[in-house]
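A.B. asks: The following file, my_file13.cif, comprises mmCIF, C-alpha atoms:
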data_final
loop_
_atom_site.group_PDB
_atom_site.id
_atom_site.type_symbol
_atom_site.label_atom_id
_atom_site.label_comp_id
_atom_site.auth_asym_id
_atom_site.auth_seq_id
_atom_site.Cartn_x
_atom_site.Cartn_y
_atom_site.Cartn_z
ATOM 1 C CA MET H 258 84.540 387.173 151.581
ATOM 2 C CA ALA H 259 82.944 385.745 154.726
ATOM 3 C CA LEU H 260 81.008 382.558 153.973
ATOM 4 C CA LYS H 261 78.172 380.768 155.717
ATOM 5 C CA ILE H 262 78.888 377.078 155.157
ATOM 6 C CA VAL H 263 76.654 374.148 156.075
ATOM 7 C CA VAL H 264 78.143 370.643 156.085
ATOM 8 C CA LEU H 265 75.696 367.789 155.532
ATOM 9 C CA ALA H 266 76.904 364.932 157.736
ATOM 10 C CA LYS H 267 75.428 361.580 158.647
ATOM 11 C CA GLN H 268 75.969 359.131 161.459
ATOM 12 C CA VAL H 269 75.987 355.756 159.717
ATOM 13 C CA PRO H 270 76.178 352.136 160.831
ATOM 14 C CA ASP H 271 79.588 350.568 160.261
ATOM 15 C CA THR H 272 78.704 348.406 157.271
ATOM 16 C CA ARG H 273 82.028 346.577 157.386
ATOM 17 C CA ASN H 274 80.405 344.109 159.789
ATOM 18 C CA VAL H 275 76.872 343.440 158.584
ATOM 19 C CA GLY H 276 75.050 340.603 160.356
ATOM 20 C CA LYS H 277 71.667 338.940 159.940
ATOM 21 C CA ASP H 278 70.077 341.429 162.345
ATOM 22 C CA ALA H 279 71.154 344.464 160.307
ATOM 23 C CA MET H 280 67.654 345.013 158.883
ATOM 24 C CA THR H 281 64.311 345.498 160.607
ATOM 25 C CA ALA H 282 61.121 343.739 159.535
ATOM 26 C CA GLU H 283 60.035 346.973 157.835
ATOM 27 C CA GLY H 284 63.084 346.926 155.560
ATOM 28 C CA THR H 285 64.984 349.743 157.257
ATOM 29 C CA VAL H 286 68.483 349.604 158.727
ATOM 30 C CA ASN H 287 68.589 348.360 162.317
ATOM 31 C CA ARG H 288 70.987 351.040 163.515
ATOM 32 C CA ALA H 289 71.007 349.729 167.085
ATOM 33 C CA ALA H 290 72.646 346.496 165.892
ATOM 34 C CA LEU H 291 75.700 348.156 164.348
ATOM 35 C CA PRO H 292 78.353 350.560 165.692
ATOM 36 C CA ALA H 293 77.741 354.165 164.621
ATOM 37 C CA ILE H 294 80.469 356.156 162.854
ATOM 38 C CA PHE H 295 80.876 359.496 161.038
ATOM 39 C CA ASN H 296 80.180 358.849 157.351
ATOM 40 C CA PRO H 297 83.671 358.784 155.766
ATOM 41 C CA GLU H 298 83.032 361.027 152.741
ATOM 42 C CA ASP H 299 81.279 363.585 154.947
ATOM 43 C CA LEU H 300 84.584 363.910 156.807
ATOM 44 C CA ASN H 301 86.264 364.744 153.474
ATOM 45 C CA ALA H 302 83.589 367.400 152.939
ATOM 46 C CA LEU H 303 84.127 368.808 156.436
ATOM 47 C CA GLU H 304 87.834 369.250 155.696
ATOM 48 C CA GLN H 305 87.032 371.273 152.568
ATOM 49 C CA ALA H 306 84.639 373.446 154.594
ATOM 50 C CA LEU H 307 87.255 374.078 157.295
ATOM 51 C CA ARG H 308 89.847 375.035 154.674
ATOM 52 C CA LEU H 309 87.415 377.544 153.192
ATOM 53 C CA LYS H 310 86.841 378.972 156.672
ATOM 54 C CA GLU H 311 90.592 379.465 157.059
ATOM 55 C CA GLN H 312 90.924 381.064 153.609
ATOM 56 C CA ASN H 313 87.979 383.431 154.149
ATOM 57 C CA PRO H 314 88.148 385.275 157.500
ATOM 58 C CA GLY H 315 84.820 385.686 159.237
ATOM 59 C CA SER H 316 83.363 382.506 157.735
ATOM 60 C CA THR H 317 81.376 380.004 159.795
ATOM 61 C CA VAL H 318 80.938 376.246 159.465
ATOM 62 C CA GLY H 319 77.871 374.436 160.804
ATOM 63 C CA ILE H 320 77.109 370.703 160.866
ATOM 64 C CA LEU H 321 73.595 369.649 159.811
ATOM 65 C CA THR H 322 72.580 366.066 160.544
ATOM 66 C CA MET H 323 69.403 364.046 160.929
ATOM 67 C CA GLY H 324 68.910 361.103 163.241
ATOM 68 C CA PRO H 325 68.107 360.002 166.791
ATOM 69 C CA PRO H 326 69.489 362.013 169.730
ATOM 70 C CA ARG H 327 72.737 360.016 169.701
ATOM 71 C CA ALA H 328 73.490 361.519 166.272
ATOM 72 C CA GLY H 329 74.485 364.642 168.200
ATOM 73 C CA GLU H 330 77.875 362.931 168.433
ATOM 74 C CA ILE H 331 78.408 363.867 164.762
ATOM 75 C CA ILE H 332 78.030 367.547 165.625
ATOM 76 C CA ARG H 333 80.462 367.199 168.513
ATOM 77 C CA GLN H 334 83.028 365.549 166.260
ATOM 78 C CA GLY H 335 82.659 368.500 163.891
ATOM 79 C CA LEU H 336 83.132 370.977 166.743
ATOM 80 C CA TYR H 337 86.250 369.102 167.861
ATOM 81 C CA ARG H 338 87.757 369.735 164.414
ATOM 82 C CA GLY H 339 86.873 373.408 164.105
ATOM 83 C CA ALA H 340 83.189 373.759 163.199
ATOM 84 C CA ASP H 341 81.295 376.581 164.894
ATOM 85 C CA THR H 342 77.805 375.196 165.436
ATOM 86 C CA GLY H 343 75.416 372.437 164.478
ATOM 87 C CA TRP H 344 71.795 371.453 163.991
ATOM 88 C CA LEU H 345 70.282 368.059 164.789
ATOM 89 C CA LEU H 346 67.028 367.117 163.077
ATOM 90 C CA THR H 347 65.486 364.574 165.416
ATOM 91 C CA ASP H 348 61.859 363.513 165.503
ATOM 92 C CA ARG H 349 60.112 360.153 165.240
ATOM 93 C CA LEU H 350 58.433 361.529 162.137
ATOM 94 C CA PHE H 351 61.858 361.662 160.414
ATOM 95 C CA ALA H 352 62.488 357.937 161.051
ATOM 96 C CA GLY H 353 62.753 355.485 158.154
ATOM 97 C CA ALA H 354 63.454 358.164 155.547
ATOM 98 C CA ASP H 355 64.800 357.221 152.115
ATOM 99 C CA THR H 356 66.809 359.699 150.048
ATOM 100 C CA LEU H 357 63.709 361.594 148.913
ATOM 101 C CA ALA H 358 62.432 362.188 152.446
ATOM 102 C CA THR H 359 65.939 362.831 153.774
ATOM 103 C CA SER H 360 66.673 365.496 151.173
ATOM 104 C CA TYR H 361 63.300 367.112 151.884
ATOM 105 C CA ALA H 362 64.064 367.340 155.611
ATOM 106 C CA LEU H 363 67.578 368.713 155.019
ATOM 107 C CA ALA H 364 66.307 371.255 152.487
ATOM 108 C CA THR H 365 63.662 372.580 154.886
ATOM 109 C CA ALA H 366 66.310 372.903 157.603
ATOM 110 C CA ILE H 367 68.656 374.810 155.271
ATOM 111 C CA LYS H 368 65.818 377.196 154.456
ATOM 112 C CA LYS H 369 65.321 377.775 158.187
ATOM 113 C CA ILE H 370 69.066 378.371 158.706
ATOM 114 C CA GLY H 371 68.914 380.952 155.924
ATOM 115 C CA ASP H 372 71.439 382.901 153.838
ATOM 116 C CA VAL H 373 73.694 379.874 153.280
ATOM 117 C CA ASP H 374 76.485 380.378 150.735
ATOM 118 C CA ILE H 375 77.787 376.818 150.447
ATOM 119 C CA VAL H 376 76.183 373.488 151.295
ATOM 120 C CA ILE H 377 78.781 370.719 151.205
ATOM 121 C CA GLY H 378 78.590 367.013 151.957
ATOM 122 C CA GLY H 379 80.026 363.663 151.023
ATOM 123 C CA ARG H 380 79.241 362.117 147.668
ATOM 124 C CA GLN H 381 77.328 359.288 149.331
ATOM 125 C CA ALA H 382 76.767 357.489 152.627
ATOM 126 C CA ILE H 383 78.132 353.995 153.156
ATOM 127 C CA ASP H 384 74.756 352.686 154.355
ATOM 128 C CA GLY H 385 73.067 353.474 151.046
ATOM 129 C CA ASP H 386 75.666 354.270 148.359
ATOM 130 C CA THR H 387 73.071 356.121 146.268
ATOM 131 C CA ALA H 388 74.794 359.537 145.902
ATOM 132 C CA GLN H 389 71.294 361.028 145.599
ATOM 133 C CA VAL H 390 70.828 363.219 148.679
ATOM 134 C CA GLY H 391 73.198 366.063 147.715
ATOM 135 C CA PRO H 392 71.745 366.560 144.228
ATOM 136 C CA GLN H 393 68.193 366.225 145.571
ATOM 137 C CA VAL H 394 68.848 368.917 148.181
ATOM 138 C CA ALA H 395 70.178 371.203 145.434
ATOM 139 C CA GLN H 396 67.100 370.526 143.313
ATOM 140 C CA LYS H 397 64.683 371.214 146.160
ATOM 141 C CA LEU H 398 66.447 374.478 147.021
ATOM 142 C CA GLY H 399 66.854 375.530 143.389
ATOM 143 C CA LEU H 400 70.643 375.848 143.810
ATOM 144 C CA ASN H 401 73.569 375.167 141.518
ATOM 145 C CA GLN H 402 75.381 371.909 142.224
ATOM 146 C CA VAL H 403 78.839 370.447 141.621
ATOM 147 C CA THR H 404 79.288 366.731 142.257
ATOM 148 C CA TYR H 405 82.352 364.453 142.542
ATOM 149 C CA ALA H 406 84.438 367.327 143.883
ATOM 150 C CA GLU H 407 87.996 366.646 144.970
ATOM 151 C CA GLU H 408 88.978 370.138 146.088
ATOM 152 C CA VAL H 409 87.353 373.533 146.491
ATOM 153 C CA LEU H 410 90.193 375.664 145.165
ATOM 154 C CA SER H 411 88.862 379.107 146.058
ATOM 155 C CA VAL H 412 85.816 381.280 146.540
ATOM 156 C CA LYS H 413 85.876 384.887 145.344
ATOM 157 C CA ASP H 414 83.703 387.376 143.513
ATOM 158 C CA GLY H 415 80.638 385.286 144.329
ATOM 159 C CA LYS H 416 81.953 382.165 142.588
ATOM 160 C CA ALA H 417 83.460 378.894 143.798
ATOM 161 C CA THR H 418 86.252 377.290 141.770
ATOM 162 C CA ILE H 419 86.166 373.526 142.173
ATOM 163 C CA LYS H 420 88.277 370.625 140.933
ATOM 164 C CA ARG H 421 86.138 367.564 140.230
ATOM 165 C CA VAL H 422 86.756 364.034 139.016
ATOM 166 C CA ILE H 423 85.251 362.926 135.702
ATOM 167 C CA ASP H 424 85.677 359.818 133.568
ATOM 168 C CA GLY H 425 89.182 359.856 132.204
ATOM 169 C CA GLY H 426 90.563 362.711 134.288
ATOM 170 C CA VAL H 427 89.698 365.865 136.227
ATOM 171 C CA GLU H 428 88.183 369.211 135.351
ATOM 172 C CA THR H 429 88.051 372.613 137.012
ATOM 173 C CA VAL H 430 84.687 374.373 137.071
ATOM 174 C CA GLU H 431 83.241 377.616 138.399
ATOM 175 C CA ALA H 432 79.864 377.800 140.090
ATOM 176 C CA PRO H 433 78.063 380.921 141.306
ATOM 177 C CA LEU H 434 77.024 381.008 144.956
ATOM 178 C CA PRO H 435 74.962 379.696 146.616
ATOM 179 C CA VAL H 436 76.011 376.204 145.594
ATOM 180 C CA VAL H 437 75.688 372.601 146.753
ATOM 181 C CA ILE H 438 78.913 370.554 146.518
ATOM 182 C CA THR H 439 79.386 366.815 147.028
ATOM 183 C CA VAL H 440 82.886 365.544 147.776
ATOM 184 C CA ASN H 441 84.603 362.272 146.862
ATOM 185 C CA GLY H 442 86.449 360.047 149.279
ATOM 186 C CA SER H 443 89.602 360.715 147.241
ATOM 187 C CA ALA H 444 89.630 364.304 148.546
ATOM 188 C CA ALA H 445 91.957 365.316 151.376
ATOM 189 C CA PRO H 446 91.262 363.439 154.629
ATOM 190 C CA CYS H 447 89.803 365.388 157.512
ATOM 191 C CA ARG H 448 92.138 366.830 160.114
ATOM 192 C CA PRO H 449 92.328 365.156 163.528
ATOM 193 C CA GLN H 450 90.346 366.373 166.490
ATOM 194 C CA ASN H 451 91.896 369.292 168.369
ATOM 195 C CA ALA H 452 92.565 368.539 172.052
ATOM 196 C CA LYS H 453 91.588 372.050 173.209
ATOM 197 C CA LEU H 454 88.331 371.907 171.259
ATOM 198 C CA VAL H 455 87.553 368.456 172.652
ATOM 199 C CA MET H 456 87.892 369.850 176.171
ATOM 200 C CA LYS H 457 85.752 372.853 175.247
ATOM 201 C CA TYR H 458 82.877 370.952 173.619
ATOM 202 C CA LYS H 459 82.921 367.480 175.179
ATOM 203 C CA ARG H 460 79.800 368.314 177.215
ATOM 204 C CA ALA H 461 77.927 369.804 174.244
ATOM 205 C CA THR H 462 74.537 368.109 173.875
ATOM 206 C CA CYS H 463 71.157 368.631 172.324
ATOM 207 C CA PRO H 464 68.348 369.093 174.891
ATOM 208 C CA MET H 465 67.194 365.448 174.563
ATOM 209 C CA GLU H 466 70.688 364.224 175.511
ATOM 210 C CA ARG H 467 71.149 366.577 178.446
ATOM 211 C CA PRO H 468 71.638 365.029 181.906
ATOM 212 C CA ALA H 469 68.826 365.403 184.380
ATOM 213 C CA GLU H 470 68.782 368.360 186.718
ATOM 214 C CA GLY H 471 70.830 367.779 189.833
ATOM 215 C CA THR H 472 73.259 365.402 188.141
ATOM 216 C CA ALA H 473 76.902 366.130 187.391
ATOM 217 C CA TYR H 474 77.630 368.996 185.005
ATOM 218 C CA ASP H 475 73.977 370.081 184.567
ATOM 219 C CA TYR H 476 74.938 373.575 185.752
ATOM 220 C CA LEU H 477 77.253 374.043 182.753
ATOM 221 C CA TYR H 478 74.397 374.576 180.300
ATOM 222 C CA ASP H 479 73.250 377.749 182.012
ATOM 223 C CA GLU H 480 76.781 379.114 182.222
ATOM 224 C CA ARG H 481 77.894 378.160 178.685
ATOM 225 C CA PRO H 482 75.180 378.512 176.006
ATOM 226 C CA GLU H 483 77.544 377.127 173.318
ATOM 227 C CA LEU H 484 77.165 373.689 174.925
ATOM 228 C CA THR H 485 73.497 373.512 173.902
ATOM 229 C CA LEU H 486 73.240 372.132 170.369
ATOM 230 C CA ASN H 487 70.381 373.153 168.099
ATOM 231 C CA GLN H 488 67.663 370.493 168.040
ATOM 232 C CA TRP H 489 64.813 370.738 165.526
ATOM 233 C CA SER H 490 61.683 368.680 164.971
ATOM 234 C CA VAL H 491 59.495 368.479 161.867
ATOM 235 C CA ALA H 492 57.383 371.302 163.281
ATOM 236 C CA ASP H 493 60.451 373.441 163.991
ATOM 237 C CA VAL H 494 61.423 373.437 160.298
ATOM 238 C CA ASP H 495 57.807 373.840 159.106
ATOM 239 C CA GLY H 496 57.986 370.428 157.447
ATOM 240 C CA ASP H 497 55.134 368.526 155.836
ATOM 241 C CA VAL H 498 54.769 365.268 157.805
ATOM 242 C CA ASN H 499 53.582 363.492 154.651
ATOM 243 C CA GLN H 500 56.972 364.151 153.031
ATOM 244 C CA CYS H 501 59.045 363.025 156.023
ATOM 245 C CA GLY H 502 60.166 359.626 157.264
ATOM 246 C CA LEU H 503 58.389 356.492 156.074
ATOM 247 C CA SER H 504 55.371 358.508 154.935
ATOM 248 C CA GLY H 505 57.492 360.390 152.410
ATOM 249 C CA SER H 506 59.628 357.426 151.337
ATOM 250 C CA PRO H 507 58.540 355.517 148.214
ATOM 251 C CA THR H 508 61.728 353.381 148.299
ATOM 252 C CA LYS H 509 61.625 350.197 150.362
ATOM 253 C CA VAL H 510 64.554 347.812 150.962
ATOM 254 C CA LYS H 511 63.394 344.189 150.768
ATOM 255 C CA ALA H 512 66.522 342.446 152.059
ATOM 256 C CA ILE H 513 70.217 342.824 152.772
ATOM 257 C CA LYS H 514 72.888 340.130 152.632
ATOM 258 C CA ASN H 515 76.527 339.931 153.598
ATOM 259 C CA ILE H 516 78.244 338.067 150.747
ATOM 260 C CA VAL H 517 81.455 336.242 151.616
ATOM 261 C CA PHE H 518 83.184 334.457 148.758
ATOM 262 C CA GLN H 519 84.843 331.131 149.518
ATOM 263 C CA ALA H 520 88.116 330.092 147.921
ATOM 264 C CA LYS H 521 86.408 327.261 146.059
ATOM 265 C CA GLU H 522 84.118 329.778 144.328
ATOM 266 C CA SER H 523 87.003 331.725 142.794
ATOM 267 C CA LYS H 524 88.842 331.106 139.539
ATOM 268 C CA THR H 525 92.226 332.229 138.348
ATOM 269 C CA LEU H 526 92.339 333.301 134.698
ATOM 270 C CA THR H 527 95.222 334.162 132.461
ATOM 271 C CA ALA H 528 95.294 336.790 129.717
ATOM 272 C CA SER H 529 94.977 334.131 127.015
ATOM 273 C CA ASP H 530 92.250 334.424 124.378
ATOM 274 C CA ALA H 531 90.826 331.059 125.437
ATOM 275 C CA ASP H 532 90.386 332.083 129.086
ATOM 276 C CA ILE H 533 88.841 335.419 128.160
ATOM 277 C CA GLU H 534 86.460 333.786 125.684
ATOM 278 C CA GLY H 535 85.447 331.188 128.277
ATOM 279 C CA MET H 536 84.770 333.886 130.879
ATOM 280 C CA ILE H 537 82.584 335.872 128.487
ATOM 281 C CA LYS H 538 80.578 332.756 127.545
ATOM 282 C CA GLU H 539 80.015 331.949 131.220
ATOM 283 C CA LEU H 540 78.882 335.488 132.006
ATOM 284 C CA LEU H 541 76.466 335.392 129.069
ATOM 285 C CA GLU H 542 75.064 332.002 130.104
ATOM 286 C CA GLU H 543 74.535 333.233 133.667
ATOM 287 C CA LYS H 544 72.884 336.373 132.270
ATOM 288 C CA ILE H 545 75.324 338.535 134.200
ATOM 289 C CA ILE H 546 76.051 340.461 130.989
ATOM 290 C CA GLY H 547 74.347 340.604 127.621
#
Translate this structure into structure tokens?

C.D. replies:
Amino acid sequence: MALKIVVLAKQVPDTRNVGKDAMTAEGTVNRAALPAIFNPEDLNALEQALRLKEQNPGSTVGILTMGPPRAGEIIRQGLYRGADTGWLLTDRLFAGADTLATSYALATAIKKIGDVDIVIGGRQAIDGDTAQVGPQVAQKLGLNQVTYAEEVLSVKDGKATIKRVIDGGVETVEAPLPVVITVNGSAAPCRPQNAKLVMKYKRATCPMERPAEGTAYDYLYDERPELTLNQWSVADVDGDVNQCGLSGSPTKVKAIKNIVFQAKESKTLTASDADIEGMIKELLEEKIIG
């Protein structure tokens, strides 16, 4: 069966190098201070979507992301790997969103896209590590959800068969469509970018990114409509401004720190009863456990 698949993807700051300027005074991530990358687990999800497209002729894969105009790069990276289209939610009213406001914006966009069979995304983003957005999107749309997926085995007869990781092992489950799936980083890595697709879509931009008239390559957008990426504002998705961005975000981050342990702070313990007992006593005294 032909499937309409939407991949939830996020452009995230590379949190492997967090400095003192990584947070703004308002408690949000200072994205301009860190290099932007494709969220790793969203790439795992994209691979599962592309495999489903190959297994089900006539299927389409679209990338849905939210962020500033530069987040259009995420859509391009999806197109380079085999996605068919993309939608960028970009509006100052979306800025500063926590998981609640983010899931609201994504859910309204999915409603606008319409008739979606599978929504798939990474388990969590490396700039938050909450694993909340996927389930919240499912809840807001009233859809079934399968989390911690490692492989979407097949889709037939209106049901998706999915292998997921649980404590102590794995299990295989069936979920009726439409369904929201979140994928672990232990799933298959995403395929590399295809050189022909890079050449085809390297000039693809959303309208806010487009070069000014009269500059190089501006003529391409009239000749090749596929190079114009979908760009939606809060108004375009009929969103409630009070549920978007900072206005719709009850969660506030107070501070962020980059912890680097020094050698003098570490201890080497053996498996002896005395060492284990001493460690437990220390953890109890420091109120780390108990």

A.B. asks: May I ask which of the residues H:Gly505, H:Gly385, H:Gly379, H:Gly471 is the closest one to Leu300 in chain H, counting all atoms listed in the file?

C.D. replies: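 Under the stated criterion, the closest residue is H:Gly379.
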
A.B. asks: Just say which residues the PyMOL selection byres ((chain H and resi 366) around 10) picks in this file, as a VMD selection string.

C.D. replies: chain H and resid 321 to 323 344 to 346 360 to 365 367 to 371 489 to 491 493 to 496

A.B. asks: Show me, as a compact mmCIF listing (two decimals) with C-alpha atoms, in the frame of the given file, the residues that have an atom within 9 Å of Val437 in chain H when counting only C-alpha atoms, minus same-chain residues fewer than 6 positions from it.

C.D. replies:
# COMPACT_ATOMS: atom_id res chain seq x y z
CA ASP H 374 76.48 380.38 150.74
CA ILE H 375 77.79 376.82 150.45
CA VAL H 376 76.18 373.49 151.29
CA ILE H 377 78.78 370.72 151.21
CA GLY H 378 78.59 367.01 151.96
CA GLY H 391 73.20 366.06 147.72
CA PRO H 392 71.74 366.56 144.23
CA VAL H 394 68.85 368.92 148.18
CA ALA H 395 70.18 371.20 145.43
CA LEU H 400 70.64 375.85 143.81
CA ASN H 401 73.57 375.17 141.52
CA GLN H 402 75.38 371.91 142.22
CA VAL H 403 78.84 370.45 141.62
CA THR H 404 79.29 366.73 142.26

A.B. asks: May I ask which of the residues H:Ala406, H:Ile332, H:Ile383, H:Val422 is the closest one to Tyr458 in chain H, counting only C-alpha atoms?

C.D. replies: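 That would be H:Ile332, the residue with the smallest distance to Tyr458 in chain H.
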
A.B. asks: Residues picked by the PyMOL selection byres ((chain H and resi 330) around 12) here, as a PyMOL selection string?

C.D. replies: chain H and resi 266-269+293-295+320-329+331-337+343-345+455+458-463+466+486

A.B. asks: Pick out the closest residue to Leu303 in chain H from this set: H:Asn499, H:Thr439, H:Ser504, H:Thr356. Count all atoms listed in the file.

C.D. replies: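 The answer is H:Thr439, which sits nearest to Leu303 in chain H.
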
A.B. asks: So what do you get for CA of Asp384 in chain H versus CA of Asp355 in chain H, distance-wise?

C.D. replies: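 According to the coordinates, CA of Asp384 in chain H and CA of Asp355 in chain H are separated by 11.2 Å.
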
A.B. asks: Using only C-alpha atoms, which of the listed residues (H:Pro449, H:Gly426, H:Gly315, H:Pro297) sits closest to Gln381 in chain H?

C.D. replies: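 Distance minimum relative to Gln381 in chain H lands on H:Pro297.
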
A.B. asks: (85.7, 376.6, 169.3) in this file's frame - what residues fall within 10 Å of it? Use all atoms listed in the file and give the answer as a ChimeraX atom specification.

C.D. replies: /H:336-342,451,453-458,483

A.B. asks: Could you tell me how far CA of Glu304 in chain H lies from CA of Ala352 in chain H, in Å and to one decimal?

C.D. replies: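 Calculated distance between CA of Glu304 in chain H and CA of Ala352 in chain H is 28.3 Å.
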
A.B. asks: Quote the spacing between CA of Met258 in chain H and CA of Asn313 in chain H in Å to one decimal place.

C.D. replies: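 Separating CA of Met258 in chain H from CA of Asn313 in chain H is a distance of 5.7 Å.
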
A.B. asks: Give the padded box for range 362-372 of chain H as lines of an AutoDock Vina configuration file: axis-aligned, covering all atoms listed in the file, 6 Å on each side, centre and edge lengths in Å to one decimal.

C.D. replies:
center_x = 67.6
center_y = 375.1
center_z = 155.6
size_x = 19.8
size_y = 27.6
size_z = 18.2

A.B. asks: Can you tell me, as number ranges by chain, what residues are no more than 9 Å from Gly442 in chain H when counting all atoms listed in the file, ignoring any on the same chain fewer than 3 positions away?

C.D. replies: H: 297-302, 379-380, 407, 445-446
